[in-house]
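Chemist: Starting off with a structure, shown below.
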Amino acid sequence: MSVVDDIEAKKDITRDELQYLLEGNEGEYLRQRAVAVRKAVYGQEVFIRGLIEFTNFCKNNCYYCGIRRDNRQASRYRLTAEEILDCCQNGYELGFRTFVLQGGEDEYFTDDRLCRIISSIKSNHPDCAITLSIGEKDRASYQRYFEAGAERYLLRHETADEAHYRKLHPREMSLQHRKECLYALKEIGYQVGAGFMTGSPGQTVDTLHEDLQFLRELKPHMVGIGPFIPQHDTPFGNEPGGTAAMTLTLLSIIRLLLPNVLLPATTALGTIDPVGREKGLRAGANVVMPNLSPKAVRKKYALYDAKICTGEEAAECIVCLKNRVKNAGYNIVCDRGDYRNRGIENV
Ligand code: 5AD
Ligand code: FES
């Protein structure tokens, strides 16, 4: 039996099997099995999410991130509630039925402010899903956003290895708290997304194996992975970035371990390879997240260098995106794109 068949059957992977696949062995077969599993659950459909980057103020100082608080070069902005609602209206007209509100950890956006924004979006667009991606909060805050109408939450765990976590983040952050947040979100009833960067400084086969084991344990509804891309004004500005090949291999492995999972072909993957997102879809991904932020702020939400945010990345060019997805063999659907459980158990 091949290693790919083995991990598909047991929905688990050993450290040595991971190393073997990351070396490129059985690469084409891995990709084909991931595509077959994705097809059994989601057919040829690709879900779209409109990403609204509503603030790049952040109280944290992650070493890899361009909007970290110590980056004096970052030109900071916040969208007003009205601007956020306008982005949603624009997105709704373009066919989006899921909005992702993403931002740094910005204390200006108190729970009251956030809840008002969430309920306004819900009342304008009751048929849409709201996803939050705003970092670590108290359980009570997560509960309030949920009651206001947010149903999904993205919080990448970043790495499941303690020592690696400390290499990527200052002492004031902890892996344990990050995990507690993810479990709290799940308990409240959110559809939850975890994830990590590929090729981040200090990442090894062992830390990646821990990431995969953590994902098997958490059983998130979504997993966001994309290559680490250095941002020149951060402490990791001179570190090498992650590769598309490694990201694609991990997308396929994750599809086999968690067959039902919602798996985006990320902007970061599209940034390091002009056809990265298409390759992602052909490796088992089933979600794309075009940018709905106002054009004036897109460049300022600079987590990493050379982010794509013009042309076909932008939501205005949804027609181009539809064509690209079609050329990759898939179809964009304009619905909420909820998690599916087609009887294939996630372990
Ligand atoms: N390269 C790639 N991804 C990054 N992120 C933050 N900084 C970078 C970078 N330099 C990712 C993190 C975060 C998500 C919003 O963006 O994984 O969770
Ligand atoms: Fe903002 Fe990492 S720098 S959460």
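Each chain in the structure tokens gets a letter, A, B and so on, in the order shown; residues start at 1 in every chain, and ligands are counted from 1 in the order they appear.
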Counting only C-alpha atoms and all ligand atoms, which residues of chain A fall within 7 Å of ligand 1, and what is the closest atom pair for each with its distance in Å at one decimal, ordered by chain and rising number, as CSV?

Modeler:
residue,atom,partner,partner_atom_place_in_ligand_line,distance
A:Tyr64,CA,ligand 1,10 (N),4.8
A:Cys65,CA,ligand 1,7 (N),3.7
A:Gly66,CA,ligand 1,7 (N),6.3
A:Leu155,CA,ligand 1,18 (O),6.4
A:Arg156,CA,ligand 1,18 (O),4.8
A:Glu158,CA,ligand 1,17 (O),5.7
A:Phe196,CA,ligand 1,17 (O),5.3
A:Met197,CA,ligand 1,17 (O),5.3
A:Gly226,CA,ligand 1,3 (N),6.3
A:Pro227,CA,ligand 1,2 (C),5.6
A:Phe228,CA,ligand 1,1 (N),3.8
A:Ile229,CA,ligand 1,1 (N),3.8
A:Pro230,CA,ligand 1,10 (N),4.9
A:Gln231,CA,ligand 1,10 (N),5.4
A:Ala268,CA,ligand 1,2 (C),6.0
A:Leu303,CA,ligand 1,7 (N),4.6
A:Tyr304,CA,ligand 1,10 (N),4.2

Chemist: Keeping all heavy atoms for every residue in the selection just given, could you write it to a file as a compact mmCIF listing (two decimals), in the first residue's frame?

Modeler:
# COMPACT_ATOMS: atom_id res chain seq x y z
N TYR A 64 6.76 37.99 12.73
CA TYR A 64 6.64 37.79 11.28
C TYR A 64 5.71 38.81 10.61
O TYR A 64 5.68 38.92 9.39
CB TYR A 64 6.10 36.37 10.99
CG TYR A 64 4.90 35.99 11.85
CD1 TYR A 64 3.61 36.39 11.51
CD2 TYR A 64 5.06 35.24 13.01
CE1 TYR A 64 2.54 36.07 12.31
CE2 TYR A 64 3.98 34.91 13.82
CZ TYR A 64 2.71 35.32 13.46
OH TYR A 64 1.65 35.01 14.25
N CYS A 65 4.95 39.55 11.41
CA CYS A 65 3.79 40.25 10.82
C CYS A 65 4.04 41.74 10.59
O CYS A 65 4.49 42.46 11.50
CB CYS A 65 2.59 40.07 11.73
SG CYS A 65 1.09 40.78 11.02
N GLY A 66 3.71 42.23 9.41
CA GLY A 66 3.95 43.61 9.02
C GLY A 66 3.11 44.63 9.76
O GLY A 66 3.43 45.82 9.75
N LEU A 155 -8.90 31.83 13.53
CA LEU A 155 -7.80 32.15 14.44
C LEU A 155 -6.72 31.10 14.21
O LEU A 155 -6.77 30.00 14.76
CB LEU A 155 -8.29 32.10 15.90
CG LEU A 155 -7.25 32.46 16.96
CD1 LEU A 155 -6.93 33.95 16.94
CD2 LEU A 155 -7.74 32.07 18.37
N ARG A 156 -5.78 31.43 13.33
CA ARG A 156 -4.73 30.45 13.07
C ARG A 156 -3.97 30.15 14.36
O ARG A 156 -3.66 31.09 15.10
CB ARG A 156 -3.77 30.97 12.02
CG ARG A 156 -4.39 31.04 10.63
CD ARG A 156 -3.32 31.44 9.65
NE ARG A 156 -3.80 31.48 8.29
CZ ARG A 156 -3.02 31.79 7.26
NH1 ARG A 156 -1.73 32.08 7.46
NH2 ARG A 156 -3.49 31.80 6.04
N GLU A 158 -1.00 29.11 14.37
CA GLU A 158 0.34 29.55 13.94
C GLU A 158 1.42 28.46 14.05
O GLU A 158 2.20 28.30 13.14
CB GLU A 158 0.81 30.84 14.62
CG GLU A 158 -0.20 32.01 14.61
CD GLU A 158 -0.55 32.57 13.23
OE1 GLU A 158 0.02 32.11 12.23
OE2 GLU A 158 -1.43 33.45 13.15
N PHE A 196 -1.82 27.73 9.91
CA PHE A 196 -0.42 28.11 10.14
C PHE A 196 0.22 28.52 8.82
O PHE A 196 -0.33 28.28 7.75
CB PHE A 196 0.34 26.94 10.79
CG PHE A 196 0.29 25.66 9.99
CD1 PHE A 196 1.23 25.39 9.02
CD2 PHE A 196 -0.73 24.73 10.20
CE1 PHE A 196 1.19 24.21 8.28
CE2 PHE A 196 -0.79 23.55 9.47
CZ PHE A 196 0.17 23.29 8.50
N MET A 197 1.40 29.14 8.95
CA MET A 197 2.18 29.48 7.75
C MET A 197 3.11 28.32 7.44
O MET A 197 3.59 27.65 8.35
CB MET A 197 3.02 30.72 8.01
CG MET A 197 2.19 31.97 8.26
SD MET A 197 3.23 33.39 8.64
CE MET A 197 3.79 32.99 10.28
N GLY A 226 -0.82 29.14 4.36
CA GLY A 226 -0.20 29.85 3.25
C GLY A 226 1.27 30.00 3.57
O GLY A 226 1.67 29.86 4.74
N PRO A 227 2.09 30.28 2.56
CA PRO A 227 3.52 30.41 2.80
C PRO A 227 3.84 31.64 3.66
O PRO A 227 3.19 32.67 3.52
CB PRO A 227 4.10 30.59 1.40
CG PRO A 227 2.97 31.16 0.59
CD PRO A 227 1.72 30.55 1.16
N PHE A 228 4.83 31.50 4.53
CA PHE A 228 5.41 32.67 5.19
C PHE A 228 6.09 33.51 4.11
O PHE A 228 6.81 32.97 3.27
CB PHE A 228 6.43 32.23 6.25
CG PHE A 228 7.37 33.34 6.64
CD1 PHE A 228 6.91 34.46 7.32
CD2 PHE A 228 8.71 33.28 6.29
CE1 PHE A 228 7.77 35.51 7.65
CE2 PHE A 228 9.59 34.32 6.63
CZ PHE A 228 9.10 35.43 7.31
N ILE A 229 5.84 34.82 4.13
CA ILE A 229 6.48 35.74 3.18
C ILE A 229 7.11 36.85 4.02
O ILE A 229 6.40 37.53 4.77
CB ILE A 229 5.46 36.35 2.19
CG1 ILE A 229 4.69 35.25 1.46
CG2 ILE A 229 6.16 37.29 1.20
CD1 ILE A 229 3.56 35.77 0.56
N PRO A 230 8.43 37.03 3.94
CA PRO A 230 9.05 38.05 4.80
C PRO A 230 8.50 39.46 4.51
O PRO A 230 8.19 39.78 3.36
CB PRO A 230 10.54 37.96 4.47
CG PRO A 230 10.65 37.09 3.26
CD PRO A 230 9.39 36.31 3.11
N GLN A 231 8.36 40.24 5.57
CA GLN A 231 7.97 41.64 5.43
C GLN A 231 9.18 42.44 5.89
O GLN A 231 9.69 42.21 6.99
CB GLN A 231 6.73 41.90 6.31
CG GLN A 231 5.91 43.13 5.90
CD GLN A 231 6.56 44.45 6.26
OE1 GLN A 231 7.48 44.51 7.06
NE2 GLN A 231 6.09 45.52 5.65
N ALA A 268 -1.71 34.57 0.15
CA ALA A 268 -0.24 34.42 0.25
C ALA A 268 0.26 33.43 -0.80
O ALA A 268 1.29 33.67 -1.44
CB ALA A 268 0.15 33.98 1.66
N LEU A 303 0.62 42.55 5.71
CA LEU A 303 1.17 41.56 6.63
C LEU A 303 2.53 41.10 6.12
O LEU A 303 3.41 40.75 6.88
CB LEU A 303 0.24 40.34 6.74
CG LEU A 303 -1.21 40.60 7.09
CD1 LEU A 303 -1.96 39.28 7.25
CD2 LEU A 303 -1.33 41.41 8.37
N TYR A 304 2.67 41.11 4.78
CA TYR A 304 3.92 40.66 4.16
C TYR A 304 4.13 41.48 2.89
O TYR A 304 3.24 42.21 2.45
CB TYR A 304 3.86 39.16 3.85
CG TYR A 304 2.57 38.71 3.21
CD1 TYR A 304 2.34 38.89 1.85
CD2 TYR A 304 1.57 38.12 3.97
CE1 TYR A 304 1.16 38.50 1.27
CE2 TYR A 304 0.37 37.72 3.39
CZ TYR A 304 0.17 37.91 2.04
OH TYR A 304 -1.01 37.53 1.48

Chemist: If you take only C-alpha atoms and all ligand atoms and a cut-off of 12 Å, which residues of chain A touch ligand 2, and what are their nearest atom pairs and distances in Å to one decimal, in chain and number order, as a tab-separated table?

Modeler:
residue	atom	partner	partner_atom_place_in_ligand_line	distance
A:Thr55	CA	ligand 2	1 (Fe)	10.5
A:Asn56	CA	ligand 2	1 (Fe)	8.1
A:Phe57	CA	ligand 2	1 (Fe)	7.7
A:Cys58	CA	ligand 2	1 (Fe)	4.7
A:Lys59	CA	ligand 2	1 (Fe)	6.3
A:Asn60	CA	ligand 2	1 (Fe)	4.6
A:Asn61	CA	ligand 2	3 (S)	4.5
A:Cys62	CA	ligand 2	2 (Fe)	4.2
A:Tyr63	CA	ligand 2	3 (S)	7.3
A:Tyr64	CA	ligand 2	3 (S)	7.6
A:Cys65	CA	ligand 2	3 (S)	5.1
A:Gly66	CA	ligand 2	3 (S)	7.0
A:Ile67	CA	ligand 2	3 (S)	5.5
A:Arg68	CA	ligand 2	3 (S)	3.7
A:Arg69	CA	ligand 2	3 (S)	6.6
A:Asp70	CA	ligand 2	3 (S)	9.0
A:Asn71	CA	ligand 2	3 (S)	9.4
A:Ala74	CA	ligand 2	3 (S)	11.5
A:Gln102	CA	ligand 2	4 (S)	10.8
A:Gly103	CA	ligand 2	1 (Fe)	8.1
A:Gly104	CA	ligand 2	1 (Fe)	4.8
A:Glu105	CA	ligand 2	1 (Fe)	5.8
A:Asp106	CA	ligand 2	1 (Fe)	8.6
A:Glu107	CA	ligand 2	1 (Fe)	11.7
A:Ser133	CA	ligand 2	4 (S)	10.1
A:Ile134	CA	ligand 2	4 (S)	8.1
A:Gly135	CA	ligand 2	4 (S)	6.3
A:Glu136	CA	ligand 2	4 (S)	8.3
A:Lys137	CA	ligand 2	4 (S)	11.4
A:Leu155	CA	ligand 2	4 (S)	9.7
A:Arg156	CA	ligand 2	4 (S)	10.0
A:His157	CA	ligand 2	4 (S)	11.0
A:Glu158	CA	ligand 2	2 (Fe)	9.8
A:Tyr165	CA	ligand 2	2 (Fe)	11.8
A:Leu168	CA	ligand 2	2 (Fe)	9.3
A:His169	CA	ligand 2	2 (Fe)	7.8
A:Pro170	CA	ligand 2	2 (Fe)	9.8
A:Glu172	CA	ligand 2	2 (Fe)	11.3
A:Met173	CA	ligand 2	2 (Fe)	9.3
A:Ser174	CA	ligand 2	2 (Fe)	11.7
A:Arg178	CA	ligand 2	4 (S)	11.0
A:Gln231	CA	ligand 2	3 (S)	11.8
A:Thr234	CA	ligand 2	3 (S)	10.0
A:Pro235	CA	ligand 2	3 (S)	11.7
A:Tyr301	CA	ligand 2	1 (Fe)	11.1
A:Ala302	CA	ligand 2	3 (S)	11.0
A:Leu303	CA	ligand 2	3 (S)	8.3
A:Tyr304	CA	ligand 2	3 (S)	11.2

Chemist: For A:Lys307, which of A:Leu269, A:Leu215, A:Ala194, A:Met289 is the closest residue, counting only C-alpha atoms?

Modeler: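 Once distances to A:Lys307 are computed over only C-alpha atoms, the minimum belongs to A:Leu269.
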
Chemist: Please produce, as CSV, a per-residue contact table for stretch 237-317 of chain A versus stretch 26-49 of chain A (criterion: any atom at most 8 Å away, only C-alpha atoms considered), showing the nearest atom pair and its distance in Å to one decimal, sorted by chain then residue number.

Modeler:
residue,atom,partner,partner_atom,distance
A:Thr249,CA,A:Gly27,CA,7.4
A:Ser252,CA,A:Ala34,CA,5.1
A:Ile253,CA,A:Ala34,CA,7.2
A:Arg255,CA,A:Ala34,CA,5.6
A:Leu256,CA,A:Ala34,CA,5.9
A:Pro259,CA,A:Val37,CA,6.2
A:Asn260,CA,A:Val41,CA,6.2
A:Arg282,CA,A:Val35,CA,6.5
A:Ala283,CA,A:Arg31,CA,5.1
A:Gly284,CA,A:Val35,CA,4.8
A:Ala285,CA,A:Arg38,CA,7.6
A:Asn286,CA,A:Val46,CA,4.9
A:Val287,CA,A:Phe47,CA,4.7
A:Val288,CA,A:Ile48,CA,5.0
A:Met289,CA,A:Arg49,CA,4.6
A:Pro290,CA,A:Arg49,CA,6.6

Chemist: Once you have the residues from the selection above, write them out as a PDB file, in the first residue's frame, restricted to N, CA and C atoms.

Modeler:
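Result went into selection-v3.pdb, see below:
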ATOM      1  N   THR A 249       1.642  20.603  -0.962  1.00  0.00           N
ATOM      2  CA  THR A 249       1.712  19.263  -0.355  1.00  0.00           C
ATOM      3  C   THR A 249       0.902  19.229   0.940  1.00  0.00           C
ATOM      4  N   SER A 252      -2.882  19.215   0.408  1.00  0.00           N
ATOM      5  CA  SER A 252      -3.378  17.881   0.041  1.00  0.00           C
ATOM      6  C   SER A 252      -3.422  16.952   1.248  1.00  0.00           C
ATOM      7  N   ILE A 253      -2.391  17.004   2.072  1.00  0.00           N
ATOM      8  CA  ILE A 253      -2.365  16.136   3.260  1.00  0.00           C
ATOM      9  C   ILE A 253      -3.531  16.486   4.184  1.00  0.00           C
ATOM     10  N   ARG A 255      -6.349  17.822   3.403  1.00  0.00           N
ATOM     11  CA  ARG A 255      -7.602  17.334   2.798  1.00  0.00           C
ATOM     12  C   ARG A 255      -7.806  15.849   3.099  1.00  0.00           C
ATOM     13  N   LEU A 256      -6.748  15.070   3.104  1.00  0.00           N
ATOM     14  CA  LEU A 256      -6.893  13.634   3.395  1.00  0.00           C
ATOM     15  C   LEU A 256      -7.149  13.380   4.883  1.00  0.00           C
ATOM     16  N   PRO A 259     -11.357  15.290   5.671  1.00  0.00           N
ATOM     17  CA  PRO A 259     -11.978  15.331   4.337  1.00  0.00           C
ATOM     18  C   PRO A 259     -12.993  16.452   4.133  1.00  0.00           C
ATOM     19  N   ASN A 260     -13.742  16.803   5.192  1.00  0.00           N
ATOM     20  CA  ASN A 260     -14.821  17.786   5.039  1.00  0.00           C
ATOM     21  C   ASN A 260     -14.359  19.234   5.187  1.00  0.00           C
ATOM     22  N   ARG A 282      -6.374  22.838  -7.270  1.00  0.00           N
ATOM     23  CA  ARG A 282      -6.069  21.520  -7.852  1.00  0.00           C
ATOM     24  C   ARG A 282      -5.285  20.624  -6.898  1.00  0.00           C
ATOM     25  N   ALA A 283      -5.090  21.103  -5.663  1.00  0.00           N
ATOM     26  CA  ALA A 283      -4.416  20.271  -4.656  1.00  0.00           C
ATOM     27  C   ALA A 283      -5.355  19.949  -3.490  1.00  0.00           C
ATOM     28  N   GLY A 284      -6.649  20.321  -3.641  1.00  0.00           N
ATOM     29  CA  GLY A 284      -7.598  19.965  -2.585  1.00  0.00           C
ATOM     30  C   GLY A 284      -8.274  21.138  -1.902  1.00  0.00           C
ATOM     31  N   ALA A 285      -7.863  22.381  -2.218  1.00  0.00           N
ATOM     32  CA  ALA A 285      -8.513  23.551  -1.618  1.00  0.00           C
ATOM     33  C   ALA A 285      -9.889  23.771  -2.266  1.00  0.00           C
ATOM     34  N   ASN A 286     -10.796  24.439  -1.531  1.00  0.00           N
ATOM     35  CA  ASN A 286     -12.142  24.665  -2.080  1.00  0.00           C
ATOM     36  C   ASN A 286     -12.727  26.030  -1.746  1.00  0.00           C
ATOM     37  N   VAL A 287     -11.875  26.969  -1.332  1.00  0.00           N
ATOM     38  CA  VAL A 287     -12.349  28.304  -0.946  1.00  0.00           C
ATOM     39  C   VAL A 287     -11.375  29.346  -1.488  1.00  0.00           C
ATOM     40  N   VAL A 288     -11.893  30.482  -1.961  1.00  0.00           N
ATOM     41  CA  VAL A 288     -11.024  31.630  -2.226  1.00  0.00           C
ATOM     42  C   VAL A 288     -11.611  32.866  -1.539  1.00  0.00           C
ATOM     43  N   MET A 289     -10.732  33.755  -1.119  1.00  0.00           N
ATOM     44  CA  MET A 289     -11.171  34.904  -0.315  1.00  0.00           C
ATOM     45  C   MET A 289     -10.720  36.220  -0.940  1.00  0.00           C
ATOM     46  N   PRO A 290     -11.437  36.687  -1.957  1.00  0.00           N
ATOM     47  CA  PRO A 290     -11.035  37.960  -2.581  1.00  0.00           C
ATOM     48  C   PRO A 290     -11.203  39.146  -1.628  1.00  0.00           C
TER      49      PRO A 290
END

Chemist: Taking the chain letters and numbering used in this document, name the residues of stretch 135-327 of chain A that DSSP puts in strand (DSSP E or B), as a PyMOL selection string.

Modeler: chain A and resi 152-154+158+191-198+222-227+262+264+287-288+291+314

Chemist: With C-alpha atoms retained, write the just-selected residues as a JSON list (two decimals), in the first residue's frame.

Modeler:
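Writing the result to result.json gives the following:
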[["chain", "number", "residue", "atom", "x", "y", "z"],
["A", 152, "ARG", "CA", -17.60, 31.69, 12.15],
["A", 153, "TYR", "CA", -14.18, 32.60, 13.52],
["A", 154, "LEU", "CA", -10.70, 32.32, 12.02],
["A", 158, "GLU", "CA", 0.34, 29.55, 13.94],
["A", 191, "GLN", "CA", -17.51, 27.19, 12.81],
["A", 192, "VAL", "CA", -13.83, 27.55, 13.61],
["A", 193, "GLY", "CA", -10.76, 27.96, 11.44],
["A", 194, "ALA", "CA", -7.22, 27.23, 12.62],
["A", 195, "GLY", "CA", -4.04, 27.15, 10.54],
["A", 196, "PHE", "CA", -0.42, 28.11, 10.14],
["A", 197, "MET", "CA", 2.18, 29.48, 7.75],
["A", 198, "THR", "CA", 4.37, 27.09, 5.79],
["A", 222, "MET", "CA", -11.59, 25.43, 8.28],
["A", 223, "VAL", "CA", -7.82, 25.38, 7.97],
["A", 224, "GLY", "CA", -5.98, 28.43, 6.60],
["A", 225, "ILE", "CA", -2.46, 27.76, 5.42],
["A", 226, "GLY", "CA", -0.20, 29.85, 3.25],
["A", 227, "PRO", "CA", 3.52, 30.41, 2.80],
["A", 262, "LEU", "CA", -13.04, 24.16, 4.25],
["A", 264, "PRO", "CA", -8.77, 28.22, 1.23],
["A", 287, "VAL", "CA", -12.35, 28.30, -0.95],
["A", 288, "VAL", "CA", -11.02, 31.63, -2.23],
["A", 291, "ASN", "CA", -10.41, 41.37, -1.08],
["A", 314, "ALA", "CA", -9.73, 42.20, -6.03]]
